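A.B. asks: The file below is upload-v4.cif, mmCIF, C-alpha atoms:
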data_target
loop_
_atom_site.label_atom_id
_atom_site.label_comp_id
_atom_site.auth_asym_id
_atom_site.auth_seq_id
_atom_site.Cartn_x
_atom_site.Cartn_y
_atom_site.Cartn_z
CA MET D 15 7.78 83.83 -37.63
CA PHE D 16 5.36 86.67 -37.13
CA GLY D 17 7.75 89.27 -35.76
CA LYS D 18 5.47 89.67 -32.74
CA THR D 19 6.15 89.94 -29.01
CA PHE D 20 4.74 86.95 -27.17
CA PHE D 21 4.22 87.17 -23.43
CA ALA D 22 2.96 84.50 -21.09
CA SER D 23 -0.11 86.59 -20.33
CA TRP D 24 -0.87 86.76 -24.03
CA LEU D 25 -0.86 82.97 -24.18
CA ALA D 26 -3.37 82.78 -21.35
CA THR D 27 -5.59 85.25 -23.18
CA LEU D 28 -5.29 83.28 -26.41
CA LEU D 29 -6.22 79.96 -24.82
CA LEU D 30 -8.93 81.16 -22.43
CA ILE D 31 -10.80 84.14 -23.87
CA ALA D 32 -9.71 85.00 -27.38
CA PRO D 33 -11.97 83.64 -30.11
CA VAL D 34 -10.39 81.31 -32.61
CA VAL D 35 -10.24 82.88 -36.07
CA VAL D 36 -10.85 80.41 -38.85
CA LEU D 37 -10.80 80.75 -42.59
CA SER D 38 -13.66 78.81 -44.09
CA GLN D 39 -16.53 79.32 -46.46
CA ALA D 40 -18.03 75.86 -46.30
CA THR D 41 -18.45 73.28 -43.57
CA ASP D 42 -16.45 70.64 -45.45
CA GLU D 43 -13.40 72.86 -45.98
CA ARG D 44 -10.29 72.53 -43.87
CA ARG D 45 -10.20 75.28 -41.25
CA MET D 46 -6.90 76.92 -40.36
CA LEU D 47 -5.94 79.12 -37.43
CA THR D 48 -4.86 82.74 -37.85
CA ILE D 49 -3.09 84.66 -35.08
CA ASN D 50 -3.08 88.46 -35.03
CA GLY D 51 -4.06 88.41 -38.70
CA GLN D 52 -1.22 86.07 -39.65
CA SER D 53 -2.10 82.73 -41.25
CA THR D 54 -0.64 79.48 -39.88
CA GLN D 55 -0.65 75.81 -40.78
CA VAL D 56 -2.41 74.89 -37.53
CA PRO D 57 -5.68 73.02 -38.27
CA VAL D 58 -8.83 73.83 -36.30
CA ILE D 59 -11.34 71.10 -35.42
CA GLN D 60 -14.87 71.93 -34.33
CA MET D 61 -16.81 69.54 -32.11
CA ASN D 62 -20.03 70.18 -30.23
CA GLY D 63 -19.86 73.87 -30.95
CA LEU D 64 -16.28 74.25 -29.64
CA SER D 65 -13.05 74.83 -31.58
CA TYR D 66 -9.86 72.86 -30.83
CA VAL D 67 -6.27 73.21 -32.04
CA GLY D 68 -3.35 70.80 -31.58
CA LEU D 69 -0.96 71.87 -28.83
CA GLU D 70 2.12 70.71 -30.77
CA GLY D 71 1.08 72.64 -33.87
CA LEU D 72 0.36 75.76 -31.82
CA ALA D 73 3.76 75.58 -30.11
CA ASP D 74 5.50 75.20 -33.46
CA ALA D 75 3.62 78.16 -34.96
CA LEU D 76 4.63 80.37 -32.04
CA HIS D 77 8.26 79.14 -31.95
CA GLY D 78 7.60 77.59 -28.56
CA SER D 79 8.34 74.23 -27.02
CA ILE D 80 6.51 71.53 -25.06
CA SER D 81 7.96 69.59 -22.14
CA TYR D 82 6.52 66.61 -20.30
CA SER D 83 7.13 65.56 -16.70
CA GLY D 84 4.78 63.00 -15.19
CA ASN D 85 1.24 64.30 -15.60
CA VAL D 86 2.42 67.87 -16.30
CA VAL D 87 2.50 69.25 -19.84
CA ALA D 88 4.31 72.61 -20.02
CA LEU D 89 4.07 74.96 -22.99
CA SER D 90 6.74 77.68 -23.20
CA LEU D 91 6.86 80.59 -25.63
CA PRO D 92 9.74 82.95 -26.40
CA VAL D 93 9.37 86.02 -24.19
CA ILE D 94 10.66 89.23 -25.77
CA SER D 95 11.34 92.35 -23.73
CA ALA D 96 10.59 95.88 -24.89
CA SER D 97 14.18 96.13 -26.16
CA GLY D 98 13.68 93.02 -28.32
CA THR D 99 15.95 90.82 -26.21
CA PRO D 100 14.53 87.73 -24.48
CA PRO D 101 15.14 88.22 -20.74
CA ALA D 102 17.02 85.63 -18.73
CA THR D 103 14.06 84.89 -16.51
CA ALA D 104 14.06 81.78 -14.36
CA PRO D 105 12.58 80.61 -11.06
CA VAL D 106 14.48 82.27 -8.23
CA ALA D 107 14.14 80.05 -5.17
CA PRO D 108 12.78 76.56 -4.48
CA PRO D 109 9.85 76.15 -2.10
CA PRO D 110 10.55 75.39 1.58
CA LEU D 111 11.29 71.78 2.42
CA ALA D 112 9.34 69.56 4.77
CA PRO D 113 11.09 69.49 8.18
CA HIS D 114 10.75 65.75 8.80
CA GLY D 115 11.32 62.60 6.80
CA VAL D 116 13.34 64.26 4.02
CA PRO D 117 16.08 62.03 2.53
CA ALA D 118 19.62 63.38 2.44
CA GLY D 119 20.48 62.68 -1.20
CA PHE D 120 18.85 63.64 -4.47
CA SER D 121 15.31 62.58 -5.27
CA ARG D 122 14.83 60.54 -8.41
CA GLU D 123 12.39 63.12 -9.78
CA PHE D 124 14.85 65.98 -9.34
CA LEU D 125 17.70 64.03 -10.93
CA ASP D 126 15.56 63.30 -13.97
CA ALA D 127 14.50 66.94 -14.26
CA GLY D 128 18.07 68.11 -13.70
CA TYR D 129 19.38 65.86 -16.47
CA GLU D 130 16.73 67.29 -18.80
CA GLU D 131 17.76 70.87 -17.99
CA MET D 132 21.45 70.07 -18.50
CA SER D 133 20.64 68.48 -21.86
CA THR D 134 18.62 71.53 -22.86
CA LEU D 135 21.44 73.90 -21.91
CA ARG D 136 23.90 71.81 -23.96
CA SER D 137 21.59 72.09 -26.97
CA TRP D 138 21.35 75.86 -26.49
CA HIS D 139 25.14 76.14 -26.23
CA GLY D 140 25.60 73.93 -29.30
CA ALA D 141 23.22 76.14 -31.29
CA LEU D 142 25.20 79.23 -30.25
CA GLU D 143 28.43 77.54 -31.38
CA THR D 144 26.84 76.73 -34.74
CA VAL D 145 25.75 80.34 -35.26
CA ILE D 146 29.23 81.68 -34.49
CA GLN D 147 31.26 79.09 -36.37
CA ASN D 148 29.09 79.33 -39.49
CA GLU D 149 29.00 83.14 -39.38
CA ILE D 150 25.20 83.26 -39.26
CA ALA D 151 23.85 86.76 -38.74
CA PRO D 152 22.92 86.98 -35.02
CA SER D 153 19.61 88.33 -33.75
CA ALA D 154 17.82 88.51 -30.41
CA SER D 155 15.18 85.99 -31.51
CA LEU D 156 17.49 83.49 -33.24
CA LEU D 157 17.96 81.27 -30.17
CA ALA D 158 14.67 82.17 -28.46
CA ARG D 159 13.30 78.64 -28.78
CA TYR D 160 16.25 77.18 -26.89
CA ARG D 161 15.85 79.75 -24.11
CA ALA D 162 12.14 78.99 -23.80
CA HIS D 163 12.82 75.26 -23.53
CA ALA D 164 15.52 75.85 -20.91
CA VAL D 165 13.18 78.03 -18.82
CA THR D 166 10.51 75.32 -18.93
CA SER D 167 12.95 72.55 -17.96
CA LEU D 168 14.30 74.64 -15.09
CA ARG D 169 10.78 75.21 -13.77
CA LEU D 170 10.13 71.47 -13.88
CA ALA D 171 13.35 70.94 -11.90
CA LEU D 172 12.12 73.48 -9.34
CA ALA D 173 8.81 71.64 -9.03
CA ALA D 174 10.71 68.38 -8.36
CA VAL D 175 12.72 69.74 -5.40
CA THR D 176 12.00 67.64 -2.28
CA THR D 177 15.31 67.15 -0.42
CA PRO D 178 18.01 69.51 0.93
CA SER D 179 20.40 68.26 -1.76
CA ASP D 180 17.78 68.95 -4.43
CA ARG D 181 17.37 72.48 -3.12
CA ARG D 182 21.09 73.29 -3.11
CA ALA D 183 21.74 71.66 -6.48
CA TYR D 184 18.82 73.54 -8.00
CA GLN D 185 20.56 76.83 -7.19
CA LEU D 186 23.66 75.70 -9.10
CA LEU D 187 21.47 74.61 -12.00
CA SER D 188 19.78 78.01 -11.98
CA ASN D 189 23.19 79.73 -11.96
CA GLU D 190 24.22 77.69 -15.00
CA PHE D 191 21.04 78.78 -16.80
CA GLN D 192 21.94 82.41 -16.06
CA ASN D 193 25.47 81.87 -17.41
CA MET D 194 24.09 80.48 -20.65
CA ALA D 195 21.55 83.29 -20.96
CA LYS D 196 24.26 85.92 -20.52
CA LEU D 197 26.48 84.16 -23.03
CA SER D 198 23.69 83.95 -25.59
CA ASP D 199 22.66 87.59 -25.11
CA LYS D 200 26.26 88.74 -25.44
CA TYR D 201 26.79 87.24 -28.88
CA MET D 202 23.28 87.66 -30.25
CA ASN D 203 23.72 91.43 -29.82
CA MET D 204 27.07 91.54 -31.61
CA SER D 205 28.12 91.73 -35.23
CA ASN D 206 31.27 90.42 -36.93
CA ILE D 207 31.84 87.70 -34.33
CA PRO D 208 35.21 85.92 -34.69
CA GLN D 209 34.80 82.19 -35.25
CA ASP D 210 37.03 81.42 -32.26
CA ALA D 211 35.28 83.89 -29.94
CA LEU D 212 33.93 81.24 -27.58
CA GLU D 213 37.33 79.60 -27.12
CA LYS D 214 38.70 82.83 -25.61
CA ASP D 215 35.60 83.80 -23.63
CA ASP D 216 35.92 83.53 -19.83
CA LEU D 217 32.15 83.30 -19.40
CA ASN D 218 32.06 80.38 -21.83
CA LYS D 219 34.87 78.66 -19.91
CA ARG D 220 32.87 79.16 -16.72
CA PHE D 221 29.76 77.67 -18.33
CA LEU D 222 31.67 74.58 -19.49
CA ALA D 223 33.37 74.14 -16.10
CA CYS D 224 30.02 74.35 -14.31
CA ALA D 225 28.48 71.83 -16.72
CA HIS D 226 31.30 69.40 -15.90
CA SER D 227 30.77 69.96 -12.17
CA LEU D 228 27.03 69.38 -12.42
CA ARG D 229 27.59 66.10 -14.24
CA SER D 230 29.98 64.99 -11.49
CA ILE D 231 27.46 65.88 -8.80
CA ALA D 232 24.68 63.99 -10.59
CA VAL D 233 26.86 60.87 -10.99
CA SER D 234 27.98 60.89 -7.36
CA GLY D 235 24.43 61.37 -6.08
CA GLN D 236 25.68 63.74 -3.36
CA PHE D 237 25.70 67.51 -3.32
CA VAL D 238 29.09 69.25 -3.38
CA GLU D 239 29.54 73.01 -3.53
CA GLU D 240 31.23 73.69 -6.87
CA ALA D 241 33.01 77.02 -7.42
CA PRO D 242 32.37 77.30 -11.19
CA CYS D 243 28.62 77.26 -10.57
CA THR D 244 28.41 79.70 -7.65
#
Could you spell out this file's structure in structure tokens?

C.D. replies:
Amino acid sequence: MFGKTFFASWLATLLLIAPVVVLSQATDERRMLTINGQSTQVPVIQMNGLSYVGLEGLADALHGSISYSGNVVALSLPVISASGTPPATAPVAPPPLAPHGVPAGFSREFLDAGYEEMSTLRSWHGALETVIQNEIAPSASLLARYRAHAVTSLRLALAAVTTPSDRRAYQLLSNEFQNMAKLSDKYMNMSNIPQDALEKDDLNKRFLACAHSLRSIAVSGQFVEEAPCT
């Protein structure tokens, strides 16, 4: 919305140390948040000398997303590199597992988080299909919200890893995220995209095959090494 580059460190600065800018001339007027001089529709409430803004409204204003998992609330913002392209950043490796008392199958928490990430990747892929089939002008920031949501969901899946099967399946899930990120970057940096481009794309075929494999693994409840995802 604001044509700005939002980094995670900027968010921390905004929430922890940056003063809230409000537009008001009287105490009974509605106060609204401005960010870097740009006005928003995010209301500001003042209580006991402190200013508060709604997390959902802030995420919407910054083209971000909010995810919930248990008692964790995760806010993700589009991250734009110096070249203007959102990087395909994702957690690299799960934490080490406890040596004793670890069940062999998938944990319930990881399955739930994995389903959420798979759903998010499907939404991202569906949005890319819509852009191509409807000949919408591509841009690096067009699908940034979907990427941000996928990064958040993948981090929640990483946090849920507790068993050996969780750990190995997480790597496949991470690989699928990377496939989708590469696919998105490829077409968002092109012009004059044929409407049937995805049907002929080997990377797209690999993404779809991996998605099918991940669904099969989740249904079976047992980890199986799947070639499309490696």

A.B. asks: Determine the residue set returned by the PyMOL selection byres ((chain D and resi 56) around 9) for the present structure, and present it as a ChimeraX atom specification.

C.D. replies: /D:45-48,53-55,57-58,67-68,71-72,74-75

A.B. asks: Which residue, D:Ser153, D:Ser227, D:Ser121, D:Thr134, has the smallest gap to Val175 of chain D when you use all atoms listed in the file?

C.D. replies: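 Under the stated criterion, the closest residue is D:Ser121.
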
A.B. asks: Please identify all polymer residues within 12 Å of Phe221 of chain D, counting only C-alpha atoms, omitting same-chain residues fewer than 3 positions from it, and present them as a PyMOL selection string.

C.D. replies: chain D and resi 132+135-136+138-139+186-198+212-213+215-218+224-228+241-244

A.B. asks: Residues at most 10 Å from Glu143 of chain D, counting only C-alpha atoms, excluding those fewer than 6 positions away in the same chain, as a PyMOL selection string?

C.D. replies: chain D and resi 137+149+198+209-212

A.B. asks: Can you pull out every residue within 9 Å of Glu130 of chain D, counting only C-alpha atoms, but drop anything in the same chain fewer than 6 positions away, and send it as a ChimeraX atom specification?

C.D. replies: /D:164,167-168,171

A.B. asks: Mind giving me the straight-line distance from atom CA of Leu142 of chain D to atom CA of Arg169 of chain D in Å, one decimal?

C.D. replies: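 Computing it gives 22.3 Å between the two atoms.
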
A.B. asks: Tell me, in Å to one decimal, how far atom CA of Leu170 of chain D is from atom CA of Leu157 of chain D.

C.D. replies: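 The value is 20.6 Å.
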
A.B. asks: Looking at D:Leu125, D:Ala141, D:Ala151, D:Ala158, which one is nearest to Met204 of chain D, with distances taken over only C-alpha atoms?

C.D. replies: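 Looking only at the distances to Met204 of chain D, the closest residue turns out to be D:Ala151.
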
A.B. asks: Rounded to one decimal in Å, what is the spacing between atom CA of Ala173 of chain D and atom CA of Ile231 of chain D?

C.D. replies: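 Value for the atom CA of Ala173 of chain D-atom CA of Ile231 of chain D distance: 19.5 Å.
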